[in-house]
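Here is the structure we will look at.
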Amino acid sequence: MIINRELVNRALLKAGQTVLTEADIENNSEAWKTVKEFYLSTMLETLTRTPWTSAKTRARLELTEGADNLSVYANMYTLPVDCARALKLNSGEPFIVEDKYLYTNDENPILLYITNGKIDGTVEVPAEPPATNEPSNNNGPDEIEDTTVPEGEPSEEENNEQTEEPSEENTDPEEPEEDIPGYRTLEYDPNFWEYVETRIASKMVLKITGDMQLYSLLFSEASVIEQTAAKASKAAGKSKPAGQNYWTDEIVGSM
């Protein structure tokens with residue numbers, strides 16, 4: 001994950017601090033350490049509190065094998081590794097979440113959830129080809145391949161040199177180094193980032209200056225942003241009736 005430099009600089013200004021410089025980041029200054037301390041934790045906290053519209057996604061759950069299901073539900077499933085908050089199943093079946101598992105009677109569950117961008121830490125290593133003692137050509141054990149080049153003809157090496165094209169240098173720009181490994185950099189709606197920015201600022205105030213009056217002001221501002229976002233998310237998530245007529249059609253139909 002790449003830390004949004006503009007966001008954290010605005011948060012620092014709200015907290016009454018100076019903005020970060022490249023030297024702060026290169027030298028891992030106390031200001032940069034404080035930013036990294038609060039950035040991910042505030043994002044994860046924010047994603048579990050409100051069903052942000054832009055953070056919603058769906059996934060088909062996999063049945064958990066070899067584990068004891070001690071719940072009242074028939075099936076036990078493993079939650080997606082990036083699940084910050086489970087919202088609902090497509091089937092409408094009830095469920096409970098405990099640890100990293102979801103329990104339900106649904107036999108083919110598709111889960112709507114909030115993603116935090118976490119990446120699965122497992123890495124598959126490609127298998128090496130099996131070793132072999134067979135000869136590299138099809139000649140018999142007593143046959144020797146004739147590699148003599150007739151006089152006046154170019155050798156295979158010379159042909160390769162003539163046909164080999166110069167390799168193009170890789171001019172693609174290098175991707176910036178991740179500030180927080182293990183998480184993808186995701187796009188969320190503006191209200192989400194505004195809330196995160198204000199909450200980071202309030203936490204910085206407590207850590208750096210301890211100014212309770214400024215902290216309360218920033219905390220209240222963040223709460224208003226969250227309430228507004230929750231209402232907008234609820235409205236956006238409501239199902240719309242299919243085939244709804246335009247107002248012009250309704251007027252014509254009533255004439």
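By order in the structure tokens, chains are A, B, ...; within a chain, residues start at 1; ligands start at 1, following the order shown.
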### Task
Find the spatial neighbours of Glu197 (chain A), counting only C-alpha atoms, within a cut-off of 7 Å - ignore same-chain residues fewer than 4 positions away - and output them as number ranges by chain.
A: 7-8, 11, 193, 201
Using only all heavy atoms, please write the residues we just selected to a file, as a PDB file, in the first residue's frame.
```
ATOM      1  N   LEU A   7      -2.904  13.450   1.650  1.00  0.00           N
ATOM      2  CA  LEU A   7      -3.847  13.254   2.759  1.00  0.00           C
ATOM      3  C   LEU A   7      -3.162  13.431   4.105  1.00  0.00           C
ATOM      4  O   LEU A   7      -3.664  14.158   4.978  1.00  0.00           O
ATOM      5  CB  LEU A   7      -4.477  11.871   2.648  1.00  0.00           C
ATOM      6  CG  LEU A   7      -5.534  11.491   3.674  1.00  0.00           C
ATOM      7  CD1 LEU A   7      -6.566  10.551   3.056  1.00  0.00           C
ATOM      8  CD2 LEU A   7      -4.929  10.799   4.909  1.00  0.00           C
ATOM      9  N   VAL A   8      -2.015  12.774   4.296  1.00  0.00           N
ATOM     10  CA  VAL A   8      -1.367  12.851   5.602  1.00  0.00           C
ATOM     11  C   VAL A   8      -0.807  14.251   5.857  1.00  0.00           C
ATOM     12  O   VAL A   8      -0.756  14.690   7.019  1.00  0.00           O
ATOM     13  CB  VAL A   8      -0.252  11.792   5.733  1.00  0.00           C
ATOM     14  CG1 VAL A   8      -0.837  10.398   5.682  1.00  0.00           C
ATOM     15  CG2 VAL A   8       0.813  11.949   4.671  1.00  0.00           C
ATOM     16  N   ALA A  11      -3.664  16.169   7.140  1.00  0.00           N
ATOM     17  CA  ALA A  11      -3.911  15.747   8.517  1.00  0.00           C
ATOM     18  C   ALA A  11      -2.910  16.403   9.476  1.00  0.00           C
ATOM     19  O   ALA A  11      -3.277  16.840  10.576  1.00  0.00           O
ATOM     20  CB  ALA A  11      -3.828  14.221   8.616  1.00  0.00           C
ATOM     21  N   TRP A 193     -12.035   9.061   2.555  1.00  0.00           N
ATOM     22  CA  TRP A 193     -10.710   9.646   2.757  1.00  0.00           C
ATOM     23  C   TRP A 193     -10.778  10.884   3.648  1.00  0.00           C
ATOM     24  O   TRP A 193      -9.863  11.135   4.442  1.00  0.00           O
ATOM     25  CB  TRP A 193     -10.084   9.997   1.412  1.00  0.00           C
ATOM     26  CG  TRP A 193      -9.706   8.793   0.610  1.00  0.00           C
ATOM     27  CD1 TRP A 193     -10.191   8.417  -0.604  1.00  0.00           C
ATOM     28  CD2 TRP A 193      -8.762   7.779   0.981  1.00  0.00           C
ATOM     29  NE1 TRP A 193      -9.630   7.244  -1.019  1.00  0.00           N
ATOM     30  CE2 TRP A 193      -8.738   6.828  -0.078  1.00  0.00           C
ATOM     31  CE3 TRP A 193      -7.949   7.582   2.084  1.00  0.00           C
ATOM     32  CZ2 TRP A 193      -7.928   5.701  -0.040  1.00  0.00           C
ATOM     33  CZ3 TRP A 193      -7.130   6.456   2.110  1.00  0.00           C
ATOM     34  CH2 TRP A 193      -7.126   5.540   1.068  1.00  0.00           C
ATOM     35  N   ALA A 201      -5.697  13.065  11.997  1.00  0.00           N
ATOM     36  CA  ALA A 201      -5.336  14.355  12.601  1.00  0.00           C
ATOM     37  C   ALA A 201      -5.656  14.368  14.095  1.00  0.00           C
ATOM     38  O   ALA A 201      -4.845  14.821  14.918  1.00  0.00           O
ATOM     39  CB  ALA A 201      -6.074  15.478  11.892  1.00  0.00           C
TER      40      ALA A 201
END
```
### Task
Find the spatial neighbours of Thr18 (chain A), counting only C-alpha atoms, within a cut-off of 10 Å - ignore same-chain residues fewer than 6 positions away - and output them as JSON, numbers by chain.
{"A": [9, 10, 11, 12, 31]}
### Query
If we count only C-alpha atoms, what is near region 52-66 of chain A at a cut-off of 7 Å, once residues fewer than 4 positions away on the same chain are taken out, given as a count of residues only?
14
Spatial neighbours of Phe219 (chain A), 8 Å, only C-alpha atoms, chain gap at least 2 places, as an mmCIF file with N, CA, C and O atoms, in the first residue's frame:
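Result went into selection.cif, see below:
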```cif
data_model
loop_
_atom_site.group_PDB
_atom_site.id
_atom_site.type_symbol
_atom_site.label_atom_id
_atom_site.label_comp_id
_atom_site.auth_asym_id
_atom_site.auth_seq_id
_atom_site.Cartn_x
_atom_site.Cartn_y
_atom_site.Cartn_z
ATOM 1 N N THR A 198 -9.313 13.191 8.879
ATOM 2 C CA THR A 198 -9.666 13.889 10.115
ATOM 3 C C THR A 198 -9.390 13.043 11.345
ATOM 4 O O THR A 198 -8.939 13.555 12.380
ATOM 5 N N ARG A 199 -9.630 11.737 11.253
ATOM 6 C CA ARG A 199 -9.340 10.862 12.390
ATOM 7 C C ARG A 199 -7.834 10.745 12.624
ATOM 8 O O ARG A 199 -7.388 10.719 13.775
ATOM 9 N N SER A 202 -6.823 13.831 14.473
ATOM 10 C CA SER A 202 -7.205 13.830 15.890
ATOM 11 C C SER A 202 -6.272 12.935 16.710
ATOM 12 O O SER A 202 -5.895 13.279 17.832
ATOM 13 N N TYR A 215 -8.577 18.073 19.861
ATOM 14 C CA TYR A 215 -8.948 16.685 19.617
ATOM 15 C C TYR A 215 -10.461 16.530 19.529
ATOM 16 O O TYR A 215 -10.981 15.866 18.622
ATOM 17 N N SER A 216 -11.187 17.132 20.476
ATOM 18 C CA SER A 216 -12.652 17.035 20.495
ATOM 19 C C SER A 216 -13.256 17.658 19.247
ATOM 20 O O SER A 216 -14.225 17.127 18.683
ATOM 21 N N LEU A 217 -12.661 18.768 18.805
ATOM 22 C CA LEU A 217 -13.152 19.440 17.601
ATOM 23 C C LEU A 217 -12.991 18.538 16.374
ATOM 24 O O LEU A 217 -13.928 18.384 15.573
ATOM 25 N N GLU A 221 -15.858 16.591 14.060
ATOM 26 C CA GLU A 221 -15.888 16.788 12.608
ATOM 27 C C GLU A 221 -15.902 15.438 11.884
ATOM 28 O O GLU A 221 -16.658 15.249 10.917
ATOM 29 N N ALA A 222 -15.096 14.498 12.358
ATOM 30 C CA ALA A 222 -15.051 13.175 11.747
ATOM 31 C C ALA A 222 -16.384 12.449 11.917
ATOM 32 O O ALA A 222 -16.842 11.744 11.007
ATOM 33 N N SER A 223 -17.020 12.612 13.072
ATOM 34 C CA SER A 223 -18.296 11.949 13.328
ATOM 35 C C SER A 223 -19.380 12.433 12.372
ATOM 36 O O SER A 223 -20.202 11.645 11.892
#
```
### Message
My list of candidates is A:Ile2, A:Leu13, A:Leu206, A:Ile225. Which is closest to Asp179 (chain A) when distances are computed with only C-alpha atoms?
### Response
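Residue with the minimum atom-to-atom distance to Asp179 (chain A): A:Ile2.
Going from CA of Asn28 (chain A) over to CA of Ile180 (chain A), you cover 13.5 Å.
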## Note on the structure
Correct to one decimal, the distance CA of Glu6 (chain A)-CA of Thr21 (chain A) is 11.3 Å
### Message
As an exercise, work out the distance from CA of Thr46 (chain A) to CA of Glu30 (chain A) in Å and give it to one decimal place.
### Response
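Taking CA of Thr46 (chain A) as the start and CA of Glu30 (chain A) as the end point, the length is 24.1 Å.
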Taking 2 positions as the minimum chain separation for residues in the same chain, which residues sit within 9 Å of Tyr103 (chain A) when counting only C-alpha atoms? Answer as a compact mmCIF listing (two decimals) with all heavy atoms, in the first residue's frame.
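So the final result, stored in selection_17.txt, reads:
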```txt
# COMPACT_ATOMS: atom_id res chain seq x y z
N ASN A 69 -17.15 -27.72 13.46
CA ASN A 69 -18.22 -26.73 13.42
C ASN A 69 -19.08 -26.93 14.66
O ASN A 69 -19.91 -27.85 14.71
CB ASN A 69 -19.03 -26.89 12.15
CG ASN A 69 -20.17 -25.88 12.05
OD1 ASN A 69 -20.35 -25.04 12.93
ND2 ASN A 69 -20.97 -25.99 11.00
N SER A 71 -21.11 -24.57 15.86
CA SER A 71 -22.20 -23.59 15.85
C SER A 71 -23.54 -24.29 15.62
O SER A 71 -23.61 -25.51 15.41
CB SER A 71 -21.97 -22.57 14.74
OG SER A 71 -22.22 -23.14 13.46
N VAL A 72 -24.61 -23.51 15.62
CA VAL A 72 -25.95 -24.06 15.37
C VAL A 72 -26.25 -24.13 13.88
O VAL A 72 -27.32 -24.61 13.48
CB VAL A 72 -27.02 -23.20 16.08
CG1 VAL A 72 -26.82 -23.24 17.58
CG2 VAL A 72 -26.99 -21.76 15.58
N TYR A 73 -25.30 -23.65 13.04
CA TYR A 73 -25.51 -23.66 11.59
C TYR A 73 -24.85 -24.89 10.98
O TYR A 73 -23.89 -25.45 11.49
CB TYR A 73 -24.93 -22.38 10.98
CG TYR A 73 -25.70 -21.14 11.37
CD1 TYR A 73 -25.27 -20.34 12.44
CD2 TYR A 73 -26.85 -20.76 10.69
CE1 TYR A 73 -25.98 -19.21 12.80
CE2 TYR A 73 -27.56 -19.62 11.05
CZ TYR A 73 -27.12 -18.86 12.11
OH TYR A 73 -27.82 -17.73 12.47
N ALA A 74 -25.36 -25.28 9.80
CA ALA A 74 -24.92 -26.52 9.16
C ALA A 74 -23.54 -26.42 8.53
O ALA A 74 -22.80 -27.40 8.49
CB ALA A 74 -25.94 -26.95 8.11
N ASN A 75 -23.18 -25.24 8.04
CA ASN A 75 -21.96 -25.10 7.24
C ASN A 75 -21.02 -24.04 7.82
O ASN A 75 -21.46 -23.04 8.40
CB ASN A 75 -22.30 -24.74 5.80
CG ASN A 75 -23.24 -25.76 5.16
OD1 ASN A 75 -22.99 -26.95 5.21
ND2 ASN A 75 -24.33 -25.28 4.58
N MET A 76 -19.73 -24.28 7.60
CA MET A 76 -18.67 -23.39 8.09
C MET A 76 -17.80 -23.00 6.91
O MET A 76 -17.28 -23.86 6.19
CB MET A 76 -17.84 -24.12 9.15
CG MET A 76 -16.65 -23.37 9.69
SD MET A 76 -15.77 -24.43 10.90
CE MET A 76 -14.45 -23.33 11.41
N TYR A 77 -17.65 -21.70 6.68
CA TYR A 77 -16.89 -21.21 5.53
C TYR A 77 -15.77 -20.28 5.99
O TYR A 77 -15.87 -19.62 7.03
CB TYR A 77 -17.80 -20.45 4.57
CG TYR A 77 -18.91 -21.30 3.98
CD1 TYR A 77 -20.16 -21.36 4.60
CD2 TYR A 77 -18.70 -22.04 2.83
CE1 TYR A 77 -21.17 -22.15 4.07
CE2 TYR A 77 -19.71 -22.83 2.30
CZ TYR A 77 -20.94 -22.88 2.92
OH TYR A 77 -21.94 -23.66 2.40
N THR A 78 -14.71 -20.22 5.19
CA THR A 78 -13.59 -19.32 5.46
C THR A 78 -13.85 -17.98 4.81
O THR A 78 -14.17 -17.90 3.63
CB THR A 78 -12.27 -19.90 4.92
OG1 THR A 78 -12.06 -21.19 5.50
CG2 THR A 78 -11.10 -18.99 5.25
N PRO A 94 -29.52 -16.08 7.14
CA PRO A 94 -28.80 -15.53 8.30
C PRO A 94 -27.44 -16.19 8.46
O PRO A 94 -27.21 -17.31 7.98
CB PRO A 94 -29.72 -15.86 9.47
CG PRO A 94 -30.51 -17.04 9.01
CD PRO A 94 -30.69 -16.88 7.53
N PHE A 95 -26.53 -15.51 9.15
CA PHE A 95 -25.20 -16.06 9.38
C PHE A 95 -24.60 -15.39 10.61
O PHE A 95 -25.09 -14.37 11.10
CB PHE A 95 -24.29 -15.82 8.17
CG PHE A 95 -24.00 -14.37 7.89
CD1 PHE A 95 -22.91 -13.72 8.48
CD2 PHE A 95 -24.81 -13.63 7.03
CE1 PHE A 95 -22.64 -12.40 8.23
CE2 PHE A 95 -24.55 -12.30 6.77
CZ PHE A 95 -23.46 -11.68 7.37
N ILE A 96 -23.54 -16.00 11.11
CA ILE A 96 -22.74 -15.39 12.17
C ILE A 96 -21.28 -15.45 11.75
O ILE A 96 -20.90 -16.31 10.95
CB ILE A 96 -22.93 -16.08 13.54
CG1 ILE A 96 -22.55 -17.56 13.45
CG2 ILE A 96 -24.34 -15.90 14.06
CD1 ILE A 96 -22.50 -18.27 14.80
N VAL A 97 -20.48 -14.52 12.25
CA VAL A 97 -19.05 -14.49 11.97
C VAL A 97 -18.30 -14.64 13.28
O VAL A 97 -18.56 -13.91 14.25
CB VAL A 97 -18.64 -13.18 11.28
CG1 VAL A 97 -17.12 -13.08 11.16
CG2 VAL A 97 -19.27 -13.08 9.89
N GLU A 98 -17.39 -15.60 13.30
CA GLU A 98 -16.52 -15.81 14.46
C GLU A 98 -15.10 -16.02 13.96
O GLU A 98 -14.87 -16.90 13.12
CB GLU A 98 -16.98 -17.02 15.28
CG GLU A 98 -18.35 -16.84 15.92
CD GLU A 98 -18.83 -18.08 16.65
OE1 GLU A 98 -18.10 -19.11 16.62
OE2 GLU A 98 -19.92 -18.04 17.25
N TYR A 101 -14.12 -17.09 10.26
CA TYR A 101 -15.08 -18.03 9.68
C TYR A 101 -16.49 -17.46 9.69
O TYR A 101 -16.86 -16.66 10.56
CB TYR A 101 -15.05 -19.36 10.45
CG TYR A 101 -13.70 -20.00 10.49
CD1 TYR A 101 -12.93 -20.01 11.65
CD2 TYR A 101 -13.16 -20.61 9.35
CE1 TYR A 101 -11.67 -20.59 11.69
CE2 TYR A 101 -11.90 -21.19 9.38
CZ TYR A 101 -11.17 -21.18 10.54
OH TYR A 101 -9.92 -21.75 10.57
N ASN A 105 -26.53 -21.71 7.04
CA ASN A 105 -27.16 -22.90 6.44
C ASN A 105 -27.10 -22.84 4.91
O ASN A 105 -27.47 -23.83 4.25
CB ASN A 105 -28.61 -23.04 6.90
CG ASN A 105 -28.70 -23.38 8.38
OD1 ASN A 105 -27.82 -24.04 8.95
ND2 ASN A 105 -29.76 -22.92 9.03
N ASP A 106 -26.68 -21.73 4.37
CA ASP A 106 -26.55 -21.58 2.92
C ASP A 106 -25.49 -22.56 2.40
O ASP A 106 -24.38 -22.61 2.93
CB ASP A 106 -26.15 -20.14 2.58
CG ASP A 106 -26.31 -19.82 1.10
OD1 ASP A 106 -26.30 -20.76 0.29
OD2 ASP A 106 -26.42 -18.63 0.77
```
### Task
Based on DSSP run over this structure's backbone, return all residues of region 33-142 of chain A in alpha helix (DSSP H), as a list in words.
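Going through region 33-142 of chain A, the alpha helix (DSSP H) residues come out as Lys33, Thr34, Val35, Lys36, Glu37, Phe38, Tyr39, Leu40, Ser41, Thr42, Met43, Leu44, Glu45, Thr46, Leu47, Thr48 and Arg49 of chain A.
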How about saving the chosen residues, all heavy atoms kept, as a tab-separated table (two decimals), in the first residue's frame?
```
chain	number	residue	atom	x	y	z
A	33	LYS	N	7.22	8.14	11.09
A	33	LYS	CA	6.85	6.98	11.90
A	33	LYS	C	5.45	7.13	12.48
A	33	LYS	O	4.68	6.16	12.53
A	33	LYS	CB	7.86	6.79	13.04
A	33	LYS	CG	9.24	6.32	12.59
A	33	LYS	CD	10.17	6.19	13.79
A	33	LYS	CE	11.57	5.78	13.36
A	33	LYS	NZ	12.50	5.71	14.52
A	34	THR	N	5.11	8.34	12.91
A	34	THR	CA	3.78	8.60	13.45
A	34	THR	C	2.72	8.42	12.38
A	34	THR	O	1.64	7.86	12.63
A	34	THR	CB	3.71	10.02	14.04
A	34	THR	OG1	4.72	10.18	15.04
A	34	THR	CG2	2.34	10.29	14.66
A	35	VAL	N	3.00	8.90	11.18
A	35	VAL	CA	2.06	8.74	10.05
A	35	VAL	C	1.81	7.26	9.79
A	35	VAL	O	0.65	6.82	9.66
A	35	VAL	CB	2.62	9.43	8.80
A	35	VAL	CG1	1.86	8.98	7.55
A	35	VAL	CG2	2.52	10.94	8.94
A	36	LYS	N	2.87	6.47	9.70
A	36	LYS	CA	2.72	5.04	9.42
A	36	LYS	C	2.00	4.32	10.56
A	36	LYS	O	1.28	3.34	10.33
A	36	LYS	CB	4.08	4.41	9.15
A	36	LYS	CG	4.72	4.85	7.84
A	36	LYS	CD	5.89	3.97	7.45
A	36	LYS	CE	7.07	4.17	8.37
A	36	LYS	NZ	8.26	3.39	7.91
A	37	GLU	N	2.20	4.81	11.77
A	37	GLU	CA	1.56	4.19	12.93
A	37	GLU	C	0.03	4.31	12.85
A	37	GLU	O	-0.69	3.38	13.19
A	37	GLU	CB	2.06	4.86	14.22
A	37	GLU	CG	1.37	4.37	15.48
A	37	GLU	CD	1.81	5.15	16.72
A	37	GLU	OE1	2.78	5.94	16.62
A	37	GLU	OE2	1.17	4.97	17.76
A	38	PHE	N	-0.45	5.46	12.38
A	38	PHE	CA	-1.89	5.72	12.39
A	38	PHE	C	-2.58	5.45	11.06
A	38	PHE	O	-3.80	5.27	11.03
A	38	PHE	CB	-2.16	7.17	12.81
A	38	PHE	CG	-1.82	7.47	14.23
A	38	PHE	CD1	-1.07	8.58	14.57
A	38	PHE	CD2	-2.25	6.64	15.25
A	38	PHE	CE1	-0.76	8.86	15.89
A	38	PHE	CE2	-1.94	6.90	16.57
A	38	PHE	CZ	-1.19	8.02	16.90
A	39	TYR	N	-1.86	5.43	9.96
A	39	TYR	CA	-2.50	5.37	8.64
A	39	TYR	C	-3.29	4.07	8.46
A	39	TYR	O	-4.50	4.09	8.21
A	39	TYR	CB	-1.44	5.51	7.55
A	39	TYR	CG	-2.00	5.76	6.16
A	39	TYR	CD1	-2.28	7.05	5.73
A	39	TYR	CD2	-2.23	4.71	5.27
A	39	TYR	CE1	-2.79	7.30	4.47
A	39	TYR	CE2	-2.74	4.95	4.00
A	39	TYR	CZ	-3.01	6.24	3.61
A	39	TYR	OH	-3.52	6.48	2.35
A	40	LEU	N	-2.61	2.92	8.56
A	40	LEU	CA	-3.28	1.65	8.32
A	40	LEU	C	-4.32	1.35	9.40
A	40	LEU	O	-5.44	0.92	9.09
A	40	LEU	CB	-2.26	0.51	8.26
A	40	LEU	CG	-2.84	-0.89	8.03
A	40	LEU	CD1	-3.59	-0.96	6.71
A	40	LEU	CD2	-1.74	-1.94	8.10
A	41	SER	N	-3.98	1.58	10.66
A	41	SER	CA	-4.91	1.26	11.74
A	41	SER	C	-6.19	2.07	11.62
A	41	SER	O	-7.29	1.56	11.88
A	41	SER	CB	-4.24	1.51	13.11
A	41	SER	OG	-3.89	2.87	13.25
A	42	THR	N	-6.06	3.35	11.22
A	42	THR	CA	-7.25	4.19	11.07
A	42	THR	C	-8.10	3.72	9.89
A	42	THR	O	-9.33	3.70	9.95
A	42	THR	CB	-6.84	5.66	10.87
A	42	THR	OG1	-6.03	6.07	11.97
A	42	THR	CG2	-8.07	6.56	10.79
A	43	MET	N	-7.44	3.32	8.79
A	43	MET	CA	-8.18	2.80	7.64
A	43	MET	C	-8.96	1.54	8.01
A	43	MET	O	-10.15	1.41	7.70
A	43	MET	CB	-7.22	2.49	6.49
A	43	MET	CG	-6.81	3.67	5.65
A	43	MET	SD	-5.95	3.14	4.15
A	43	MET	CE	-7.23	2.14	3.38
A	44	LEU	N	-8.30	0.60	8.68
A	44	LEU	CA	-8.96	-0.65	9.05
A	44	LEU	C	-10.12	-0.40	10.02
A	44	LEU	O	-11.19	-1.01	9.91
A	44	LEU	CB	-7.95	-1.62	9.66
A	44	LEU	CG	-6.80	-2.06	8.75
A	44	LEU	CD1	-5.87	-3.02	9.48
A	44	LEU	CD2	-7.33	-2.70	7.47
A	45	GLU	N	-9.90	0.48	10.96
A	45	GLU	CA	-10.95	0.85	11.91
A	45	GLU	C	-12.14	1.47	11.19
A	45	GLU	O	-13.30	1.16	11.48
A	45	GLU	CB	-10.37	1.83	12.94
A	45	GLU	CG	-11.40	2.53	13.81
A	45	GLU	CD	-10.82	3.77	14.46
A	45	GLU	OE1	-9.66	3.73	14.92
A	45	GLU	OE2	-11.53	4.80	14.51
A	46	THR	N	-11.86	2.34	10.22
A	46	THR	CA	-12.91	3.03	9.48
A	46	THR	C	-13.73	2.06	8.65
A	46	THR	O	-14.96	2.18	8.57
A	46	THR	CB	-12.29	4.10	8.56
A	46	THR	OG1	-11.51	5.00	9.36
A	46	THR	CG2	-13.35	4.89	7.82
A	47	LEU	N	-13.08	1.08	8.04
A	47	LEU	CA	-13.78	0.12	7.19
A	47	LEU	C	-14.70	-0.80	7.97
A	47	LEU	O	-15.69	-1.31	7.42
A	47	LEU	CB	-12.76	-0.71	6.40
A	47	LEU	CG	-12.01	0.05	5.30
A	47	LEU	CD1	-10.82	-0.76	4.81
A	47	LEU	CD2	-12.94	0.39	4.14
A	48	THR	N	-14.40	-1.04	9.23
A	48	THR	CA	-15.26	-1.91	10.04
A	48	THR	C	-16.45	-1.17	10.65
A	48	THR	O	-17.40	-1.79	11.10
A	48	THR	CB	-14.46	-2.55	11.19
A	48	THR	OG1	-13.91	-1.51	12.02
A	48	THR	CG2	-13.32	-3.41	10.65
A	49	ARG	N	-16.41	0.16	10.61
A	49	ARG	CA	-17.46	0.95	11.26
A	49	ARG	C	-18.63	1.26	10.34
A	49	ARG	O	-19.79	1.25	10.77
A	49	ARG	CB	-16.87	2.27	11.79
A	49	ARG	CG	-15.94	2.11	12.98
A	49	ARG	CD	-15.28	3.43	13.31
A	49	ARG	NE	-16.25	4.48	13.58
A	49	ARG	CZ	-16.72	4.77	14.79
A	49	ARG	NH1	-16.34	4.05	15.82
A	49	ARG	NH2	-17.59	5.75	14.97
```
### Message
For a quick check of understanding, using only C-alpha atoms, which of A:Lys203, A:Gln213, A:Lys118, A:Glu177 has the smallest distance to Ile25 (chain A)?
### Response
A:Glu177
